[in-house]
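For reference, upload26.cif is printed below; it contains mmCIF, C-alpha atoms and all ligand atoms.
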data_coords
loop_
_atom_site.label_atom_id
_atom_site.label_comp_id
_atom_site.auth_asym_id
_atom_site.auth_seq_id
_atom_site.Cartn_x
_atom_site.Cartn_y
_atom_site.Cartn_z
CA MET K 6 -24.72 -13.72 -3.84
CA THR K 7 -20.95 -13.66 -4.39
CA VAL K 8 -18.49 -10.93 -3.52
CA VAL K 9 -15.27 -11.01 -5.58
CA HIS K 10 -12.06 -9.43 -4.28
CA ILE K 11 -9.43 -8.23 -6.74
CA THR K 12 -5.82 -8.35 -5.58
CA GLY K 13 -2.61 -8.44 -7.54
CA ALA K 14 0.16 -6.27 -6.14
CA ARG K 15 1.94 -6.27 -2.76
CA PRO K 16 -0.04 -3.47 -1.10
CA ASN K 17 -3.36 -5.13 -1.96
CA PHE K 18 -2.86 -8.16 0.26
CA PRO K 19 -2.73 -6.55 3.72
CA LYS K 20 -5.73 -4.39 2.76
CA ALA K 21 -7.86 -7.29 1.53
CA ALA K 22 -7.13 -9.71 4.40
CA PRO K 23 -9.33 -8.07 7.07
CA VAL K 24 -12.21 -7.46 4.65
CA LEU K 25 -12.25 -11.10 3.54
CA SER K 26 -12.09 -12.27 7.10
CA ALA K 27 -14.93 -9.99 8.26
CA LEU K 28 -17.17 -10.97 5.35
CA THR K 29 -16.48 -14.64 6.12
CA SER K 30 -17.67 -14.03 9.69
CA LEU K 31 -20.92 -12.64 8.26
CA GLY K 32 -21.37 -15.76 6.13
CA VAL K 33 -20.87 -14.08 2.74
CA ARG K 34 -19.80 -16.27 -0.21
CA GLN K 35 -16.60 -14.87 -1.68
CA GLN K 36 -14.00 -15.37 -4.37
CA LEU K 37 -10.46 -14.12 -4.27
CA VAL K 38 -8.87 -13.19 -7.58
CA HIS K 39 -5.10 -12.66 -7.88
CA THR K 40 -4.35 -10.88 -11.13
CA GLY K 41 -0.70 -11.96 -11.09
CA GLN K 42 0.54 -8.35 -11.39
CA HIS K 43 3.12 -9.28 -8.73
CA TYR K 44 4.45 -12.84 -8.84
CA ASP K 45 7.76 -13.01 -6.92
CA ASP K 46 7.34 -14.94 -3.69
CA LYS K 47 8.39 -11.94 -1.59
CA LEU K 48 5.91 -9.63 -3.34
CA SER K 49 3.02 -12.06 -3.32
CA ASP K 50 2.89 -15.62 -1.92
CA ILE K 51 4.62 -14.79 1.36
CA PHE K 52 1.71 -12.45 2.21
CA PHE K 53 -0.76 -15.29 1.71
CA ARG K 54 1.23 -17.51 4.08
CA GLU K 55 1.91 -14.87 6.71
CA LEU K 56 -1.52 -13.22 6.71
CA GLU K 57 -3.36 -16.53 6.39
CA LEU K 58 -5.17 -15.31 3.34
CA PRO K 59 -7.14 -18.02 1.54
CA ARG K 60 -5.56 -19.36 -1.64
CA PRO K 61 -6.81 -17.29 -4.59
CA ASP K 62 -9.64 -18.97 -6.48
CA VAL K 63 -7.86 -17.94 -9.64
CA ASN K 64 -4.57 -16.36 -10.64
CA LEU K 65 -4.91 -14.52 -13.93
CA GLY K 66 -1.13 -14.59 -14.42
CA VAL K 67 -0.94 -11.22 -16.17
CA GLY K 68 2.63 -10.48 -15.01
CA SER K 69 4.60 -7.36 -15.88
CA GLY K 70 4.34 -5.05 -18.85
CA SER K 71 3.62 -1.48 -19.87
CA HIS K 72 0.63 0.18 -18.24
CA ALA K 73 -1.56 -0.54 -21.27
CA THR K 74 -0.40 -4.14 -21.61
CA GLN K 75 -0.89 -4.94 -17.94
CA THR K 76 -4.21 -3.12 -17.61
CA ALA K 77 -5.57 -4.66 -20.79
CA ALA K 78 -4.52 -8.17 -19.76
CA VAL K 79 -6.38 -7.85 -16.45
CA MET K 80 -9.42 -6.37 -18.20
CA THR K 81 -9.62 -9.07 -20.84
CA ALA K 82 -9.37 -11.89 -18.32
CA LEU K 83 -11.85 -10.34 -15.88
CA GLU K 84 -14.43 -9.39 -18.47
CA GLU K 85 -14.79 -12.96 -19.65
CA ARG K 86 -15.05 -14.20 -16.08
CA PHE K 87 -17.51 -11.60 -14.86
CA LEU K 88 -19.77 -11.90 -17.91
CA ALA K 89 -20.07 -15.60 -17.15
CA GLU K 90 -20.39 -15.32 -13.37
CA ARG K 91 -22.01 -11.90 -12.76
CA PRO K 92 -20.72 -11.27 -9.22
CA SER K 93 -23.00 -9.38 -6.82
CA LEU K 94 -20.15 -6.98 -6.00
CA VAL K 95 -16.48 -6.64 -6.88
CA VAL K 96 -14.19 -5.15 -4.23
CA VAL K 97 -11.04 -3.40 -5.43
CA TYR K 98 -8.19 -2.15 -3.24
CA GLY K 99 -5.87 0.84 -3.38
CA ASP K 100 -4.49 2.32 -6.57
CA VAL K 101 -2.57 -0.23 -8.60
CA ASN K 102 -3.21 -1.12 -12.25
CA SER K 103 -5.19 -4.22 -11.23
CA THR K 104 -7.55 -1.95 -9.24
CA LEU K 105 -8.23 0.33 -12.20
CA ALA K 106 -8.61 -2.55 -14.66
CA ALA K 107 -11.21 -4.32 -12.53
CA ALA K 108 -13.21 -1.14 -11.92
CA LEU K 109 -13.29 -0.36 -15.65
CA VAL K 110 -14.46 -3.83 -16.61
CA CYS K 111 -17.22 -3.81 -13.99
CA ALA K 112 -18.48 -0.36 -14.93
CA LYS K 113 -18.79 -1.34 -18.59
CA ILE K 114 -20.75 -4.54 -17.95
CA GLY K 115 -22.89 -3.30 -15.07
CA VAL K 116 -21.28 -5.16 -12.15
CA PRO K 117 -21.18 -3.03 -8.97
CA VAL K 118 -17.79 -2.01 -7.57
CA ALA K 119 -16.65 -1.14 -4.07
CA HIS K 120 -13.36 0.76 -3.70
CA VAL K 121 -11.42 0.28 -0.49
CA GLU K 122 -9.14 3.28 0.16
CA ALA K 123 -11.24 5.67 -1.93
CA GLY K 124 -10.66 9.42 -2.19
CA LEU K 125 -6.91 9.64 -1.57
CA ARG K 126 -5.39 12.34 -3.76
CA SER K 127 -1.82 13.53 -4.26
CA PHE K 128 -2.98 15.99 -6.96
CA ASP K 129 0.02 14.83 -8.99
CA LEU K 130 -1.12 13.32 -12.26
CA THR K 131 2.42 12.25 -13.13
CA MET K 132 1.86 9.43 -10.60
CA PRO K 133 0.16 6.50 -12.35
CA GLU K 134 -1.56 5.75 -9.05
CA GLU K 135 -3.32 9.15 -9.03
CA ILE K 136 -4.91 8.34 -12.39
CA ASN K 137 -5.93 4.91 -11.10
CA ARG K 138 -7.44 6.44 -7.95
CA LYS K 139 -9.48 9.09 -9.77
CA VAL K 140 -10.90 6.79 -12.40
CA THR K 141 -11.68 4.02 -9.91
CA ASP K 142 -13.50 6.43 -7.61
CA ALA K 143 -15.54 7.87 -10.46
CA LEU K 144 -16.75 4.35 -11.33
CA SER K 145 -17.39 2.94 -7.85
CA ASP K 146 -20.78 2.28 -6.28
CA LEU K 147 -19.30 2.16 -2.78
CA ALA K 148 -16.38 4.32 -1.68
CA PHE K 149 -14.65 3.27 1.54
CA ALA K 150 -12.58 6.15 2.89
CA THR K 151 -9.67 5.84 5.32
CA SER K 152 -9.51 9.53 6.29
CA PRO K 153 -11.72 12.64 6.40
CA ASP K 154 -9.73 14.41 3.65
CA ALA K 155 -10.62 11.54 1.31
CA ILE K 156 -14.32 12.16 1.95
CA ALA K 157 -13.86 15.83 1.09
CA HIS K 158 -12.12 14.96 -2.19
CA LEU K 159 -14.84 12.53 -3.20
CA SER K 160 -17.58 15.06 -2.40
CA ARG K 161 -15.79 17.75 -4.38
CA GLU K 162 -15.58 15.38 -7.35
CA GLY K 163 -19.33 14.81 -7.23
CA VAL K 164 -19.50 11.38 -5.60
CA PRO K 165 -22.91 11.26 -3.86
CA ALA K 166 -22.72 11.23 -0.06
CA ASP K 167 -24.66 7.96 0.22
CA ARG K 168 -21.88 6.11 -1.62
CA ILE K 169 -19.15 7.31 0.75
CA HIS K 170 -18.40 5.44 3.97
CA PHE K 171 -15.73 6.49 6.47
CA VAL K 172 -14.55 3.16 7.81
CA GLY K 173 -10.94 3.52 8.93
CA ASN K 174 -7.94 1.75 7.49
CA PRO K 175 -7.88 -2.00 6.78
CA MET K 176 -4.07 -1.91 6.29
CA ILE K 177 -3.92 -0.88 9.94
CA ASP K 178 -6.29 -3.72 10.92
CA THR K 179 -3.64 -6.08 9.56
CA LEU K 180 -0.83 -4.26 11.32
CA LEU K 181 -2.61 -4.32 14.68
CA ALA K 182 -3.70 -7.96 14.26
CA HIS K 183 -0.06 -9.02 13.81
CA LEU K 184 1.62 -6.51 16.11
CA ASP K 185 2.73 -9.20 18.58
CA ARG K 186 4.74 -10.86 15.81
CA PHE K 187 6.79 -7.74 15.05
CA ASP K 188 9.92 -8.33 17.12
CA PRO K 189 12.78 -6.04 16.08
CA GLU K 190 15.50 -7.90 18.01
CA PRO K 191 15.85 -11.14 16.02
CA ALA K 192 15.18 -9.26 12.79
CA ARG K 193 17.95 -6.73 13.38
CA GLN K 194 20.36 -9.50 14.45
CA ALA K 195 19.59 -11.45 11.28
CA HIS K 196 20.71 -8.41 9.30
CA GLY K 197 23.80 -7.74 11.41
CA LEU K 198 22.42 -4.47 12.77
CA SER K 199 23.50 -3.33 16.20
CA GLY K 200 22.61 0.08 17.59
CA PRO K 201 20.32 2.56 15.87
CA TYR K 202 19.52 1.90 12.23
CA ALA K 203 17.15 3.16 9.55
CA VAL K 204 15.06 1.28 6.99
CA ALA K 205 14.65 2.65 3.47
CA THR K 206 12.35 1.64 0.60
CA LEU K 207 12.30 3.17 -2.88
CA HIS K 208 10.29 2.17 -5.92
CA ARG K 209 8.26 5.11 -7.26
CA PRO K 210 8.91 5.82 -10.96
CA GLY K 211 9.38 9.50 -10.01
CA ASN K 212 12.40 8.50 -7.90
CA VAL K 213 13.99 5.57 -9.66
CA ASP K 214 13.28 5.97 -13.38
CA ASP K 215 15.08 9.27 -14.03
CA LYS K 216 18.85 8.82 -13.85
CA ALA K 217 19.76 12.35 -12.74
CA HIS K 218 17.16 12.32 -9.99
CA ALA K 219 18.18 8.82 -8.85
CA VAL K 220 21.83 9.95 -8.58
CA THR K 221 20.84 12.95 -6.40
CA LEU K 222 18.76 10.68 -4.20
CA ILE K 223 21.56 8.14 -3.84
CA GLN K 224 23.98 10.90 -2.81
CA ALA K 225 21.51 12.12 -0.18
CA ILE K 226 20.95 8.60 1.18
CA HIS K 227 24.72 8.06 1.33
CA LYS K 228 24.99 11.20 3.49
CA CYS K 229 22.33 9.67 5.74
CA ALA K 230 24.33 6.45 5.88
CA ASP K 231 27.23 8.48 7.32
CA LEU K 232 24.94 8.87 10.37
CA LEU K 233 23.73 5.28 10.86
CA PRO K 234 23.36 1.95 9.02
CA ILE K 235 20.47 1.82 6.54
CA LEU K 236 18.79 -1.43 5.57
CA VAL K 237 17.20 -1.25 2.13
CA PRO K 238 14.80 -4.03 1.10
CA LEU K 239 14.86 -3.06 -2.55
CA HIS K 240 11.79 -3.47 -4.77
CA PRO K 241 12.56 -4.98 -8.20
CA ARG K 242 11.42 -1.80 -9.91
CA GLY K 243 14.55 0.30 -10.43
CA ARG K 244 16.73 -2.16 -8.55
CA ALA K 245 19.19 -2.72 -11.38
CA ARG K 246 19.41 1.01 -12.13
CA LEU K 247 19.99 2.01 -8.51
CA LEU K 248 22.68 -0.63 -8.05
CA GLU K 249 24.33 0.34 -11.34
CA LEU K 250 24.43 3.93 -10.09
CA GLY K 251 26.31 2.82 -6.97
CA PHE K 252 23.50 2.80 -4.42
CA ALA K 253 25.07 -0.07 -2.46
CA ASP K 254 28.58 1.44 -2.57
CA HIS K 255 28.63 2.71 1.00
CA PRO K 256 29.73 0.60 3.97
CA ASN K 257 26.58 1.51 5.92
CA ILE K 258 24.06 0.69 3.16
CA ARG K 259 22.75 -2.90 3.23
CA VAL K 260 20.68 -3.70 0.16
CA VAL K 261 18.57 -6.86 0.47
CA ASP K 262 15.69 -8.40 -1.47
CA PRO K 263 12.12 -7.36 -0.56
CA LEU K 264 11.24 -8.79 2.85
CA GLY K 265 8.20 -10.70 4.01
CA TYR K 266 5.59 -8.68 5.89
CA VAL K 267 6.46 -9.83 9.42
CA GLU K 268 10.21 -9.35 9.02
CA PHE K 269 9.74 -5.99 7.32
CA MET K 270 7.35 -4.66 9.95
CA SER K 271 9.63 -5.96 12.73
CA LEU K 272 12.52 -3.98 11.29
CA VAL K 273 10.38 -0.88 10.81
CA ARG K 274 9.14 -1.13 14.38
CA GLY K 275 12.72 -1.10 15.71
CA ALA K 276 14.05 1.58 13.34
CA ALA K 277 15.19 5.02 14.47
CA ALA K 278 13.72 6.36 11.22
CA VAL K 279 12.28 5.18 7.93
CA LEU K 280 13.08 6.77 4.58
CA THR K 281 10.54 5.83 1.94
CA ASP K 282 8.46 6.68 -1.09
CA SER K 283 5.87 4.00 -0.30
CA GLY K 284 2.22 4.79 0.38
CA GLY K 285 1.52 2.06 2.92
CA VAL K 286 4.74 2.58 4.85
CA GLN K 287 3.73 6.20 5.61
CA GLU K 288 0.65 4.78 7.33
CA GLU K 289 2.37 1.94 9.16
CA THR K 290 5.11 4.17 10.60
CA THR K 291 2.41 6.57 11.78
CA VAL K 292 0.73 3.89 13.84
CA LEU K 293 4.01 2.44 15.11
CA GLY K 294 5.29 5.91 16.08
CA VAL K 295 8.40 5.60 13.93
CA PRO K 296 9.56 8.85 12.30
CA CYS K 297 8.99 8.64 8.54
CA LEU K 298 10.78 10.83 5.99
CA THR K 299 8.92 10.54 2.72
CA LEU K 300 10.96 11.18 -0.39
CA ARG K 301 8.20 12.67 -2.50
CA PRO K 302 6.98 16.14 -3.45
CA SER K 303 3.42 15.28 -2.37
CA THR K 304 1.47 12.63 -0.55
CA GLU K 305 -2.04 11.27 -1.03
CA ARG K 306 -1.92 10.48 2.69
CA PRO K 307 -1.58 13.94 4.30
CA ILE K 308 -3.22 12.61 7.45
CA THR K 309 0.07 10.84 8.23
CA ILE K 310 1.61 14.32 8.46
CA THR K 311 -1.18 16.05 10.40
CA HIS K 312 -1.97 13.05 12.63
CA GLY K 313 1.18 11.01 12.43
CA THR K 314 4.94 10.79 12.17
CA ASN K 315 5.43 11.61 8.52
CA ARG K 316 7.28 14.48 6.81
CA LEU K 317 7.78 15.14 3.13
CA VAL K 318 11.44 15.69 2.31
CA ARG K 319 13.53 16.50 -0.73
CA ALA K 320 16.88 14.89 -1.49
CA ASP K 321 18.69 18.09 -0.51
CA THR K 322 16.92 18.37 2.85
CA LEU K 323 16.94 14.66 3.73
CA PRO K 324 20.26 14.41 5.62
CA ASP K 325 19.43 17.41 7.86
CA GLU K 326 15.92 16.11 8.47
CA LEU K 327 17.31 12.74 9.48
CA GLN K 328 19.89 14.37 11.74
CA ALA K 329 17.07 16.27 13.49
CA VAL K 330 15.06 13.06 13.96
CA LEU K 331 18.05 11.27 15.47
CA GLU K 332 18.86 14.17 17.81
CA ARG K 333 15.23 14.28 19.00
CA GLY K 334 15.28 10.55 19.88
CA PRO K 335 12.39 8.06 19.98
CA LEU K 336 8.86 9.46 20.09
CA THR K 337 6.95 8.84 23.29
CA GLU K 338 3.65 10.31 22.08
CA TRP K 339 2.19 10.82 18.64
CA PRO K 340 -1.32 11.24 17.25
CA VAL K 341 -3.03 8.47 15.29
CA PRO K 342 -5.70 9.19 12.64
CA PRO K 343 -9.35 8.68 13.60
CA LEU K 344 -10.75 5.14 13.18
CA TRP K 345 -7.33 3.58 12.57
CA ASP K 346 -8.32 1.20 15.33
CA GLY K 347 -8.20 -2.26 13.78
CA LYS K 348 -11.93 -2.43 13.02
CA ALA K 349 -12.11 -1.20 9.43
CA GLY K 350 -12.64 -4.72 8.04
CA PRO K 351 -15.80 -5.36 10.10
CA ARG K 352 -17.12 -1.86 9.25
CA ILE K 353 -16.60 -2.45 5.54
CA ALA K 354 -18.20 -5.90 5.75
CA ARG K 355 -21.27 -4.50 7.52
CA VAL K 356 -21.78 -1.81 4.88
CA ILE K 357 -21.36 -4.34 2.09
CA VAL K 358 -23.88 -6.78 3.55
CA ASP K 359 -26.45 -4.04 4.20
CA TRP K 360 -25.92 -2.69 0.70
CA LEU K 361 -26.33 -6.12 -0.90
CA ASN K 362 -29.48 -6.81 1.13
CA ALA K 363 -30.98 -3.43 0.21
CA ARG K 364 -30.22 -4.07 -3.43
CA ARG K 365 -31.79 -7.52 -3.32
CA ALA K 366 -34.91 -6.11 -1.71
CA ARG K 367 -35.35 -3.56 -4.50
C1 LIG Z 401 3.08 -1.43 -8.46
C2 LIG Z 401 2.05 -0.32 -8.39
C3 LIG Z 401 2.46 0.71 -7.34
C4 LIG Z 401 2.72 0.04 -6.01
C5 LIG Z 401 3.69 -1.10 -6.17
C6 LIG Z 401 3.78 -1.83 -4.86
C7 LIG Z 401 0.96 0.21 -10.53
C8 LIG Z 401 0.90 1.19 -11.64
N1 LIG Z 401 1.96 0.40 -9.67
O1 LIG Z 401 4.30 -0.84 -8.87
O2 LIG Z 401 1.41 1.64 -7.17
O3 LIG Z 401 3.25 0.99 -5.14
O4 LIG Z 401 3.22 -2.02 -7.18
O5 LIG Z 401 4.84 -2.67 -4.74
O6 LIG Z 401 0.15 -0.66 -10.44
N2 LIG Z 401 8.60 -7.08 -10.98
C9 LIG Z 401 9.29 -8.17 -10.54
N3 LIG Z 401 8.60 -9.11 -9.82
C10 LIG Z 401 7.28 -9.00 -9.54
C11 LIG Z 401 6.59 -7.88 -10.00
C12 LIG Z 401 7.27 -6.91 -10.71
O7 LIG Z 401 10.48 -8.31 -10.76
O8 LIG Z 401 6.72 -9.90 -8.87
C13 LIG Z 401 9.35 -6.03 -11.73
C14 LIG Z 401 9.17 -6.13 -13.23
O9 LIG Z 401 10.37 -5.77 -13.83
C15 LIG Z 401 8.14 -5.04 -13.50
C16 LIG Z 401 8.47 -3.99 -12.44
O10 LIG Z 401 8.88 -4.75 -11.32
O11 LIG Z 401 8.23 -4.52 -14.79
C17 LIG Z 401 7.29 -3.12 -12.08
O12 LIG Z 401 6.17 -3.91 -11.68
P1 LIG Z 401 4.67 -3.31 -11.78
O13 LIG Z 401 3.70 -4.25 -11.21
O14 LIG Z 401 4.41 -2.86 -13.18
O15 LIG Z 401 4.73 -1.99 -10.96
P2 LIG Z 401 5.43 -1.70 -9.55
O16 LIG Z 401 6.55 -0.78 -9.76
O17 LIG Z 401 5.65 -2.99 -8.85
N1 LIG Z 402 6.30 -4.39 2.61
C1 LIG Z 402 6.84 -5.63 2.94
N2 LIG Z 402 8.16 -5.85 2.65
C2 LIG Z 402 8.96 -4.92 2.07
C3 LIG Z 402 8.39 -3.66 1.75
C4 LIG Z 402 7.05 -3.44 2.01
O1 LIG Z 402 6.18 -6.48 3.50
O2 LIG Z 402 10.15 -5.21 1.84
C5 LIG Z 402 4.85 -4.19 2.87
C6 LIG Z 402 4.50 -3.02 3.79
O3 LIG Z 402 3.45 -3.46 4.63
C7 LIG Z 402 3.99 -1.96 2.84
C8 LIG Z 402 3.34 -2.81 1.76
O4 LIG Z 402 4.23 -3.92 1.64
O5 LIG Z 402 3.05 -1.10 3.40
C9 LIG Z 402 3.16 -2.14 0.41
O6 LIG Z 402 4.35 -1.51 0.10
P1 LIG Z 402 4.75 -0.86 -1.27
O7 LIG Z 402 5.72 0.18 -0.89
O8 LIG Z 402 5.21 -1.92 -2.19
O9 LIG Z 402 3.43 -0.27 -1.92
P2 LIG Z 402 2.70 1.13 -1.83
O10 LIG Z 402 2.06 1.19 -0.50
O11 LIG Z 402 3.69 2.21 -2.06
O12 LIG Z 402 1.72 1.08 -2.95
#
Show me this structure written as structure tokens.
Ligand code: UD1
Ligand code: UDP
Amino acid sequence: MTVVHITGARPNFPKAAPVLSALTSLGVRQQLVHTGQHYDDKLSDIFFRELELPRPDVNLGVGSGSHATQTAAVMTALEERFLAERPSLVVVYGDVNSTLAAALVCAKIGVPVAHVEAGLRSFDLTMPEEINRKVTDALSDLAFATSPDAIAHLSREGVPADRIHFVGNPMIDTLLAHLDRFDPEPARQAHGLSGPYAVATLHRPGNVDDKAHAVTLIQAIHKCADLLPILVPLHPRGRARLLELGFADHPNIRVVDPLGYVEFMSLVRGAAAVLTDSGGVQEETTVLGVPCLTLRPSTERPITITHGTNRLVRADTLPDELQAVLERGPLTEWPVPPLWDGKAGPRIARVIVDWLNARRAR
């Protein structure tokens, strides 16, 4: 009985860590596959060191490419492997191309799939992640939901109730497990930040690929930088374009390379506000009680708005929204979504073990 975990891109690693660890505690034999979708140290290896993830059993080395090239490379490599090894269950995480590719391969050759973070929907099919989420959910034997809205989406799409498990959020397990390591003081000093500051991340194609839109966004963020310094750990996607368009040309904008998990979360924890288009960062700020202004027209994580610190903003409203956040000052109370309590990994592991045992008994 072997459970195989598929990881490949930065957001996968903090989601997989608690599930691996909980299954290890239950004595389950596991393999960890890294597809190689992300390969820079700061997008990949640093997470293995900092989160004490086991070394991947294999790195497929697929690297970057168009959607079709990347997805096909993962599929080809996994199909060969899974036909030879026939895992008992393959666990996929989130909504990246590696997630979709693994789910497709498994469905075609009859290997069961469990999807961690199932049912999230932005209802925006221009996001590649929305396509990945919908297809992966349609093909999964087990759907692990992080929020009640996700359950409702899965039910509406015809996923049988006995496949859906509301387990909480493994990304938040990782955050809570490492909370003591998130110390804003040394991190802010290392970046020369004194006084209030904001952290910004940008990498969604919808924000960085279109030149006109990117220019509008840069102008809005520059207006924000008139209010306070903004540290921007910039993802490689769109980096060259944003810099070419003058993103760093403001004395209060500090563009740096992507940061390791502990340093990044330390800076987020100490920030007066976070400006982002990330999925995971909307969740992390919610738990840390840091105001989050999300630069997107929609979010697949609406619970971070209804039960958290998040707001969707447009470029033209961003500076005023930030001003309001700064005038209001630090939050003393904020709601946190149900079951975001650091125990999602053990809940997922329990369901998996029971499911595997029931299947074996059949
Ligand atoms: C991917 C995910 C996105 C997720 C993001 C997290 C898909 C479709 N998108 O986006 O959902 O939010 O990861 O970070 O799966 N690159 C490097 N070094 C690397 C990896 C990539 O420089 O280690 C550059 C390459 O130029 C590459 C570009 O980044 O072409 C995009 O990488 P890719 O993995 O295709 O998508 P992301 O934008 O990273
Ligand atoms: N993150 C990090 N360093 C950074 C930016 C992000 O460690 O410089 C972490 C953070 O925990 C975040 C996760 O990487 O939640 C995934 O972020 P990303 O925005 O790349 O992916 P998304 O959640 O949008 O798919």
Residues up to 10 Å from ligand LIG 401 (chain Z), counting all atoms listed in the file: could you list those as a ChimeraX atom specification? /K:13-17,41-50,67-72,74-76,99-106,132-137,207-210,213,240-245,263,282-285
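Proximity ranking of K:Glu55, K:Asp346, K:Asp262, K:Asp359 relative to Asp178 (chain K) places K:Asp346 first, based on all atoms listed in the file.
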Find the axis-aligned box for ligand LIG 402 (chain Z), covering all its listed atoms and adding 6 Å on each side, and write its centre and edge lengths in Å to one decimal as JSON.
{"center_x": 5.9, "center_y": -2.1, "center_z": 0.8, "size_x": 20.4, "size_y": 20.7, "size_z": 19.6}
Using all atoms listed in the file, which of the listed residues (K:Glu305, K:Thr337, K:Ile310, K:Ala21) sits closest to Leu130 (chain K)?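 Smallest distance to Leu130 (chain K) is found for K:Glu305.
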What is the distance between CA of Thr7 (chain K) and CA of Val172 (chain K), in Å to one decimal?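 That distance, rounded to one decimal, is 21.7 Å.
In this comparison, which uses only C-alpha atoms and all ligand atoms, the residue of K:Gly115, K:Gly163, K:Pro153, K:Gly265 approaching ligand LIG 402 (chain Z) most closely is K:Gly265.
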In terms of only C-alpha atoms, the residue from K:Ala195, K:Val260, K:Ser152, K:Glu85 at minimal distance from Thr311 (chain K) is K:Ser152
All residues 6 Å or closer to Ala155 (chain K), only C-alpha atoms, same chain fewer than 3 positions away omitted, as a ChimeraX atom specification: /K:124-125,150,152,158
Extract, using all atoms listed in the file, all DNA, RNA and protein residues at most 10 Å from Cys229 (chain K), discarding same-chain residues fewer than 6 positions from it, and format them as a list in words.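 What passes the distance filter is Ala203, Ile223, Ile235, Asn257, Ile258, Leu280, Leu323, Pro324, Asp325, Glu326, Leu327 and Gln328 of chain K.
Closest approach to Phe128 (chain K) among K:Pro307, K:Gly347, K:Pro238, K:Gly173 is made by K:Pro307 (distances from only C-alpha atoms).
CA of Leu264 (chain K) lies 6.0 Å from atom C3 of ligand LIG 402 (chain Z).
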List as a PyMOL selection string the protein and nucleic acid residues near Gly334 (chain K), meaning an atom at most 10 Å away when all atoms listed in the file are counted, but skip any in the same chain fewer than 2 places from it. chain K and resi 277-278+296+329-332+336-337
Could you work out how far CA of Thr322 (chain K) lies from CA of Asp254 (chain K), giving the answer in Å with one decimal?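 Atom-to-atom, CA of Asp254 (chain K) and CA of Thr322 (chain K) are spaced 21.3 Å apart.
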Near-Pro117 (chain K) list (9 Å; only C-alpha atoms; drop same-chain fewer than 3 positions) as a list in words: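 Everything that qualifies: Pro92, Ser93, Leu94, Val95, Val96, Ala108, Cys111, Ala112, Leu144, Ser145, Asp146 and Leu147 of chain K.
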Counting all atoms listed in the file, which of K:Ile308, K:Leu317, K:Val273, K:Ala73 gets nearest to ligand LIG 402 (chain Z)?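 Among the listed residues, K:Val273 lies closest to ligand LIG 402 (chain Z).
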